[in-house]
$ cat model.pdb   # PDB, C-alpha atoms
MODEL        1
ATOM      1  CA  MET A 541       0.000   0.000   0.000  1.00  0.00           C
ATOM      2  CA  ALA A 542       1.777   3.145  -1.209  1.00  0.00           C
ATOM      3  CA  ASN A 543      -0.255   5.578   0.903  1.00  0.00           C
ATOM      4  CA  PRO A 544      -1.527   3.684   3.977  1.00  0.00           C
ATOM      5  CA  PHE A 545      -5.059   4.772   4.796  1.00  0.00           C
ATOM      6  CA  GLY A 546      -4.704   7.541   2.210  1.00  0.00           C
ATOM      7  CA  ILE A 547      -1.855   9.326   3.997  1.00  0.00           C
ATOM      8  CA  GLU A 548       1.432   9.871   2.234  1.00  0.00           C
ATOM      9  CA  ALA A 549       4.705   9.192   4.063  1.00  0.00           C
ATOM     10  CA  SER A 550       6.399  12.354   5.398  1.00  0.00           C
ATOM     11  CA  SER A 551       3.227  14.397   4.893  1.00  0.00           C
ATOM     12  CA  THR A 552       1.593  16.687   7.427  1.00  0.00           C
ATOM     13  CA  VAL A 553      -1.922  15.566   8.223  1.00  0.00           C
ATOM     14  CA  PRO A 554      -4.482  18.230   7.221  1.00  0.00           C
ATOM     15  CA  SER A 555      -6.027  20.580   9.766  1.00  0.00           C
ATOM     16  CA  GLY A 556      -8.881  19.039  11.743  1.00  0.00           C
ATOM     17  CA  MET A 557      -7.703  15.489  11.102  1.00  0.00           C
ATOM     18  CA  ALA A 558      -5.187  15.103  13.931  1.00  0.00           C
ATOM     19  CA  THR A 559      -4.015  16.150  17.344  1.00  0.00           C
ATOM     20  CA  TYR A 560      -0.329  15.629  18.005  1.00  0.00           C
ATOM     21  CA  ASP A 561       1.321  14.677  21.279  1.00  0.00           C
ATOM     22  CA  VAL A 562       4.737  16.281  21.117  1.00  0.00           C
ATOM     23  CA  THR A 563       7.884  15.739  23.142  1.00  0.00           C
ATOM     24  CA  LEU A 564       9.824  18.936  23.656  1.00  0.00           C
ATOM     25  CA  HIS A 565      13.564  18.301  23.725  1.00  0.00           C
ATOM     26  CA  SER A 566      14.114  21.632  25.433  1.00  0.00           C
ATOM     27  CA  VAL A 567      12.193  24.742  26.461  1.00  0.00           C
ATOM     28  CA  PRO A 568      13.454  28.352  26.501  1.00  0.00           C
ATOM     29  CA  GLU A 569      12.879  28.801  30.247  1.00  0.00           C
ATOM     30  CA  PRO A 570      13.037  25.438  32.042  1.00  0.00           C
ATOM     31  CA  HIS A 571      11.966  25.146  35.682  1.00  0.00           C
ATOM     32  CA  PRO A 572      14.459  23.278  37.904  1.00  0.00           C
ATOM     33  CA  ALA A 573      11.727  20.984  39.276  1.00  0.00           C
ATOM     34  CA  PHE A 574      10.809  19.600  35.842  1.00  0.00           C
ATOM     35  CA  LYS A 575      12.997  17.285  33.798  1.00  0.00           C
ATOM     36  CA  GLU A 576      10.831  16.583  30.747  1.00  0.00           C
ATOM     37  CA  TYR A 577       8.303  18.555  28.765  1.00  0.00           C
ATOM     38  CA  SER A 578       5.513  17.564  26.427  1.00  0.00           C
ATOM     39  CA  GLY A 579       2.577  19.219  24.774  1.00  0.00           C
ATOM     40  CA  ILE A 580      -0.461  18.867  22.595  1.00  0.00           C
ATOM     41  CA  TRP A 581      -0.344  20.554  19.209  1.00  0.00           C
ATOM     42  CA  LYS A 582      -3.185  20.943  16.727  1.00  0.00           C
ATOM     43  CA  PRO A 583      -2.514  22.089  13.153  1.00  0.00           C
ATOM     44  CA  GLU A 584      -5.391  24.570  13.267  1.00  0.00           C
ATOM     45  CA  ASN A 585      -4.532  26.021  16.697  1.00  0.00           C
ATOM     46  CA  GLY A 586      -0.864  25.385  17.387  1.00  0.00           C
ATOM     47  CA  LEU A 587       0.216  24.464  20.904  1.00  0.00           C
ATOM     48  CA  VAL A 588      -2.882  23.997  23.099  1.00  0.00           C
ATOM     49  CA  SER A 589      -1.166  22.662  26.236  1.00  0.00           C
ATOM     50  CA  ILE A 590       2.299  22.132  27.660  1.00  0.00           C
ATOM     51  CA  THR A 591       3.224  19.879  30.583  1.00  0.00           C
ATOM     52  CA  GLY A 592       6.368  19.810  32.687  1.00  0.00           C
ATOM     53  CA  LYS A 593       7.106  16.547  34.509  1.00  0.00           C
ATOM     54  CA  SER A 594       9.446  16.048  37.422  1.00  0.00           C
ATOM     55  CA  GLU A 595      11.742  13.085  37.625  1.00  0.00           C
ATOM     56  CA  THR A 596       9.999   9.859  38.618  1.00  0.00           C
ATOM     57  CA  PHE A 597      10.531   9.124  42.287  1.00  0.00           C
ATOM     58  CA  ARG A 598      10.873   5.389  42.889  1.00  0.00           C
ATOM     59  CA  GLU A 599      10.637   3.273  46.034  1.00  0.00           C
ATOM     60  CA  ASP A 600       8.808   6.066  47.861  1.00  0.00           C
ATOM     61  CA  PRO A 601       5.277   4.852  48.709  1.00  0.00           C
ATOM     62  CA  SER A 602       4.626   8.039  50.708  1.00  0.00           C
ATOM     63  CA  ALA A 603       5.604  10.256  47.732  1.00  0.00           C
ATOM     64  CA  SER A 604       7.625  12.448  50.079  1.00  0.00           C
ATOM     65  CA  GLU A 605       9.848  13.905  47.324  1.00  0.00           C
ATOM     66  CA  ALA A 606       6.915  14.484  44.980  1.00  0.00           C
ATOM     67  CA  ARG A 607       4.970  16.181  47.780  1.00  0.00           C
ATOM     68  CA  ARG A 608       7.959  18.410  48.584  1.00  0.00           C
ATOM     69  CA  ILE A 609       8.258  19.570  44.963  1.00  0.00           C
ATOM     70  CA  TYR A 610       4.477  19.931  44.679  1.00  0.00           C
ATOM     71  CA  ALA A 611       4.430  22.201  47.767  1.00  0.00           C
ATOM     72  CA  GLU A 612       7.308  24.354  46.440  1.00  0.00           C
ATOM     73  CA  VAL A 613       5.770  24.818  42.983  1.00  0.00           C
ATOM     74  CA  LYS A 614       2.312  25.403  44.477  1.00  0.00           C
ATOM     75  CA  HIS A 615       3.793  28.159  46.650  1.00  0.00           C
ATOM     76  CA  GLU A 616       5.480  29.784  43.619  1.00  0.00           C
ATOM     77  CA  LEU A 617       2.254  29.701  41.586  1.00  0.00           C
ATOM     78  CA  THR A 618       0.184  30.971  44.514  1.00  0.00           C
ATOM     79  CA  GLN A 619       2.510  33.975  44.771  1.00  0.00           C
ATOM     80  CA  LEU A 620       1.823  34.741  41.103  1.00  0.00           C
ATOM     81  CA  TYR A 621      -1.864  33.869  40.691  1.00  0.00           C
ATOM     82  CA  GLY A 622      -3.433  33.703  44.156  1.00  0.00           C
ATOM     83  CA  GLN A 623      -4.951  30.782  46.037  1.00  0.00           C
ATOM     84  CA  PRO A 624      -5.744  27.808  43.783  1.00  0.00           C
ATOM     85  CA  PHE A 625      -8.730  25.529  43.828  1.00  0.00           C
ATOM     86  CA  GLU A 626      -7.499  22.531  45.812  1.00  0.00           C
ATOM     87  CA  ASP A 627      -8.383  18.874  45.630  1.00  0.00           C
ATOM     88  CA  GLU A 628      -5.952  17.323  48.096  1.00  0.00           C
ATOM     89  CA  GLU A 629      -8.111  14.763  49.831  1.00  0.00           C
ATOM     90  CA  ILE A 630      -8.509  11.084  50.574  1.00  0.00           C
ATOM     91  CA  SER A 631     -11.954   9.830  49.576  1.00  0.00           C
ATOM     92  CA  ASP A 632     -11.526   6.389  51.131  1.00  0.00           C
ATOM     93  CA  GLU A 633     -10.719   6.091  54.847  1.00  0.00           C
ATOM     94  CA  ASP A 634      -9.011   2.706  54.327  1.00  0.00           C
ATOM     95  CA  TRP A 635      -5.815   4.338  53.051  1.00  0.00           C
ATOM     96  CA  PRO A 636      -3.168   5.420  55.563  1.00  0.00           C
ATOM     97  CA  GLU A 637      -2.250   9.101  55.394  1.00  0.00           C
ATOM     98  CA  ASP A 638       1.372   8.659  54.325  1.00  0.00           C
ATOM     99  CA  LEU A 639       2.412   5.081  53.603  1.00  0.00           C
ATOM    100  CA  GLY A 640      -0.259   4.359  51.018  1.00  0.00           C
ATOM    101  CA  PHE A 641      -0.055   7.732  49.256  1.00  0.00           C
ATOM    102  CA  CYS A 642       0.989   6.393  45.823  1.00  0.00           C
ATOM    103  CA  SER A 643      -1.410   3.439  46.005  1.00  0.00           C
ATOM    104  CA  ALA A 644      -4.308   5.685  46.968  1.00  0.00           C
ATOM    105  CA  ILE A 645      -3.615   8.013  44.013  1.00  0.00           C
ATOM    106  CA  ASP A 646      -3.296   5.106  41.603  1.00  0.00           C
ATOM    107  CA  ASN A 647      -6.558   3.579  42.851  1.00  0.00           C
ATOM    108  CA  GLY A 648      -8.508   6.835  42.682  1.00  0.00           C
ATOM    109  CA  ALA A 649      -8.996   7.034  46.458  1.00  0.00           C
ATOM    110  CA  ARG A 650      -6.799  10.132  46.730  1.00  0.00           C
ATOM    111  CA  SER A 651      -6.222  13.170  44.616  1.00  0.00           C
ATOM    112  CA  HIS A 652      -3.482  15.696  45.117  1.00  0.00           C
ATOM    113  CA  THR A 653      -4.195  18.457  42.624  1.00  0.00           C
ATOM    114  CA  CYS A 654      -4.640  22.194  42.553  1.00  0.00           C
ATOM    115  CA  ASP A 655      -5.570  24.476  39.701  1.00  0.00           C
ATOM    116  CA  TRP A 656      -5.920  28.063  38.609  1.00  0.00           C
ATOM    117  CA  ASP A 657      -8.469  29.056  35.959  1.00  0.00           C
ATOM    118  CA  LEU A 658      -8.931  32.104  33.762  1.00  0.00           C
ATOM    119  CA  GLY A 659     -11.848  34.141  35.038  1.00  0.00           C
ATOM    120  CA  THR A 660     -11.265  33.298  38.689  1.00  0.00           C
ATOM    121  CA  HIS A 661      -7.494  33.882  38.724  1.00  0.00           C
ATOM    122  CA  ASP A 662      -5.375  36.580  37.113  1.00  0.00           C
ATOM    123  CA  LEU A 663      -3.727  34.407  34.469  1.00  0.00           C
ATOM    124  CA  THR A 664      -1.540  36.018  31.833  1.00  0.00           C
ATOM    125  CA  ASP A 665       0.179  35.186  28.545  1.00  0.00           C
ATOM    126  CA  ASN A 666      -2.942  33.682  26.972  1.00  0.00           C
ATOM    127  CA  VAL A 667      -3.083  30.905  29.611  1.00  0.00           C
ATOM    128  CA  GLN A 668      -6.543  29.389  30.077  1.00  0.00           C
ATOM    129  CA  ASN A 669      -5.767  27.188  33.083  1.00  0.00           C
ATOM    130  CA  ILE A 670      -2.918  25.749  35.138  1.00  0.00           C
ATOM    131  CA  MET A 671      -3.012  22.377  36.891  1.00  0.00           C
ATOM    132  CA  LEU A 672      -0.445  21.026  39.332  1.00  0.00           C
ATOM    133  CA  THR A 673      -0.792  17.384  40.358  1.00  0.00           C
ATOM    134  CA  ILE A 674       0.981  14.357  41.768  1.00  0.00           C
ATOM    135  CA  VAL A 675       0.530  11.222  39.672  1.00  0.00           C
ATOM    136  CA  SER A 676       1.325   7.588  40.365  1.00  0.00           C
ATOM    137  CA  ASP A 677       0.990   4.904  37.759  1.00  0.00           C
ATOM    138  CA  ASP A 678       2.312   1.745  39.353  1.00  0.00           C
ATOM    139  CA  GLY A 679       0.279   1.914  42.542  1.00  0.00           C
ATOM    140  CA  ASP A 680       2.905   1.356  45.184  1.00  0.00           C
ATOM    141  CA  GLU A 681       6.144   3.223  45.002  1.00  0.00           C
ATOM    142  CA  LYS A 682       6.417   5.612  42.030  1.00  0.00           C
ATOM    143  CA  SER A 683       5.270   9.211  41.880  1.00  0.00           C
ATOM    144  CA  GLN A 684       5.805  12.233  39.685  1.00  0.00           C
ATOM    145  CA  VAL A 685       4.732  15.894  39.727  1.00  0.00           C
ATOM    146  CA  TRP A 686       3.075  17.309  36.611  1.00  0.00           C
ATOM    147  CA  LEU A 687       2.489  20.987  35.860  1.00  0.00           C
ATOM    148  CA  GLU A 688       0.195  21.618  32.900  1.00  0.00           C
ATOM    149  CA  TYR A 689      -0.646  24.913  31.230  1.00  0.00           C
ATOM    150  CA  GLY A 690      -3.681  24.970  28.931  1.00  0.00           C
ATOM    151  CA  PHE A 691      -4.100  27.573  26.203  1.00  0.00           C
ATOM    152  CA  PRO A 692      -7.323  28.526  24.407  1.00  0.00           C
ATOM    153  CA  GLU A 693      -7.793  26.090  21.548  1.00  0.00           C
ATOM    154  CA  CYS A 694      -9.190  28.702  19.224  1.00  0.00           C
ATOM    155  CA  ASN A 695      -8.319  32.359  19.467  1.00  0.00           C
ATOM    156  CA  ASP A 696     -10.197  34.165  16.656  1.00  0.00           C
ATOM    157  CA  GLU A 697      -8.096  37.316  16.870  1.00  0.00           C
ATOM    158  CA  LEU A 698      -4.857  35.358  16.637  1.00  0.00           C
ATOM    159  CA  THR A 699      -6.206  33.393  13.674  1.00  0.00           C
ATOM    160  CA  LYS A 700      -7.287  36.604  11.912  1.00  0.00           C
ATOM    161  CA  SER A 701      -3.945  38.321  12.487  1.00  0.00           C
ATOM    162  CA  LYS A 702      -2.054  35.272  11.146  1.00  0.00           C
ATOM    163  CA  GLY A 703      -4.234  35.332   8.025  1.00  0.00           C
ATOM    164  CA  GLN A 704      -3.544  39.056   7.453  1.00  0.00           C
ATOM    165  CA  ALA A 705       0.190  38.687   7.958  1.00  0.00           C
ATOM    166  CA  SER A 706       0.571  36.195   5.091  1.00  0.00           C
TER
ENDMDL
END

$ encode --input "model.pdb" --output "structure tokens"
Amino acid sequence: MANPFGIEASSTVPSGMATYDVTLHSVPEPHPAFKEYSGIWKPENGLVSITGKSETFREDPSASEARRIYAEVKHELTQLYGQPFEDEEISDEDWPEDLGFCSAIDNGARSHTCDWDLGTHDLTDNVQNIMLTIVSDDGDEKSQVWLEYGFPECNDELTKSKGQAS
């Protein structure tokens, strides 16, 4: 098949047909807490979100290092944008406060997230929302801090100005 599913090799998929998960090899202003960066890019809108991820902390069921970084970054963001909406609770009383932290997150019994939203916080630079969270994907001993910035997916004025500049 020369063009699998009608798509030519090395082509760019037309607008509206795809959303791309991108790995950013570097960013102009890295934050010391985050070691890798990724984003979501849409041909019709450009970059619609960017996420910084801390290193993965292993053999730490209490997520002590992730919680330390989370608290530091939360403090920095609170200084800039005010108090976030917080969801830092255990919904199931069967999980111990510290030792089962990663397991509780992985099982959905705990969340450790805070966010800032346009309209209720003074966000700048075309940022729609910011979310800071601790994630765990193996259930017992691994955790990571993620910081995600979401941008408006469709900014009519930006689209118009790009069209006029061509």

$ atom_distance --input "model.pdb" --atom1 "atom CA of A:Glu616" --atom2 "atom CA of A:Glu688"
14.5 Å

$ resolve_selection --input "model.pdb" --expression "the PyMOL selection byres ((chain A and resi 576) around 12)" --output "mmCIF file with C-alpha atoms, in the frame of the given file"
data_model
loop_
_atom_site.group_PDB
_atom_site.id
_atom_site.type_symbol
_atom_site.label_atom_id
_atom_site.label_comp_id
_atom_site.auth_asym_id
_atom_site.auth_seq_id
_atom_site.Cartn_x
_atom_site.Cartn_y
_atom_site.Cartn_z
ATOM 1 C CA VAL A 562 4.737 16.281 21.117
ATOM 2 C CA THR A 563 7.884 15.739 23.142
ATOM 3 C CA LEU A 564 9.824 18.936 23.656
ATOM 4 C CA HIS A 565 13.564 18.301 23.725
ATOM 5 C CA SER A 566 14.114 21.632 25.433
ATOM 6 C CA VAL A 567 12.193 24.742 26.461
ATOM 7 C CA PRO A 570 13.037 25.438 32.042
ATOM 8 C CA HIS A 571 11.966 25.146 35.682
ATOM 9 C CA PRO A 572 14.459 23.278 37.904
ATOM 10 C CA ALA A 573 11.727 20.984 39.276
ATOM 11 C CA PHE A 574 10.809 19.600 35.842
ATOM 12 C CA LYS A 575 12.997 17.285 33.798
ATOM 13 C CA TYR A 577 8.303 18.555 28.765
ATOM 14 C CA SER A 578 5.513 17.564 26.427
ATOM 15 C CA GLY A 579 2.577 19.219 24.774
ATOM 16 C CA ILE A 590 2.299 22.132 27.660
ATOM 17 C CA THR A 591 3.224 19.879 30.583
ATOM 18 C CA GLY A 592 6.368 19.810 32.687
ATOM 19 C CA LYS A 593 7.106 16.547 34.509
ATOM 20 C CA SER A 594 9.446 16.048 37.422
ATOM 21 C CA GLU A 595 11.742 13.085 37.625
ATOM 22 C CA THR A 596 9.999 9.859 38.618
ATOM 23 C CA GLN A 684 5.805 12.233 39.685
ATOM 24 C CA VAL A 685 4.732 15.894 39.727
ATOM 25 C CA TRP A 686 3.075 17.309 36.611
ATOM 26 C CA LEU A 687 2.489 20.987 35.860
ATOM 27 C CA GLU A 688 0.195 21.618 32.900
#

$ resolve_selection --input "model.pdb" --expression "the PyMOL selection byres ((chain A and resi 607-612) around 8)" --output "list in words"
Ala573, Ala603, Ser604, Glu605, Ala606, Val613, Lys614, His615, Glu616, Leu672, Thr673, Ile674 and Val685 of chain A

$ resolve_selection --input "model.pdb" --expression "the PyMOL selection byres ((chain A and resi 542-559) around 6)" --output "NGL selection string"
:A and (541 or 560 or 582-584)

$ closest_residue --input "model.pdb" --among "A:Pro624, A:Gly640, A:Gly659, A:Pro568" --to "A:Ser676" --atoms "only C-alpha atoms"
A:Gly640

$ atom_distance --input "model.pdb" --atom1 "atom CA of A:Leu617" --atom2 "atom CA of A:Asp561"
25.3 Å

$ atom_distance --input "model.pdb" --atom1 "atom CA of A:Pro601" --atom2 "atom CA of A:Ser651"
14.8 Å

$ closest_residue --input "model.pdb" --among "A:Gln619, A:Trp581, A:Gly690, A:Arg650" --to "A:Val667" --atoms "only C-alpha atoms"
A:Gly690

$ closest_residue --input "model.pdb" --among "A:Asn585, A:Ser602, A:Ser643, A:Thr653" --to "A:Ile670" --atoms "all atoms listed in the file"
A:Thr653

$ closest_residue --input "model.pdb" --among "A:Asp600, A:Asp665, A:Met671, A:Phe641" --to "A:Asp627" --atoms "all atoms listed in the file"
A:Met671
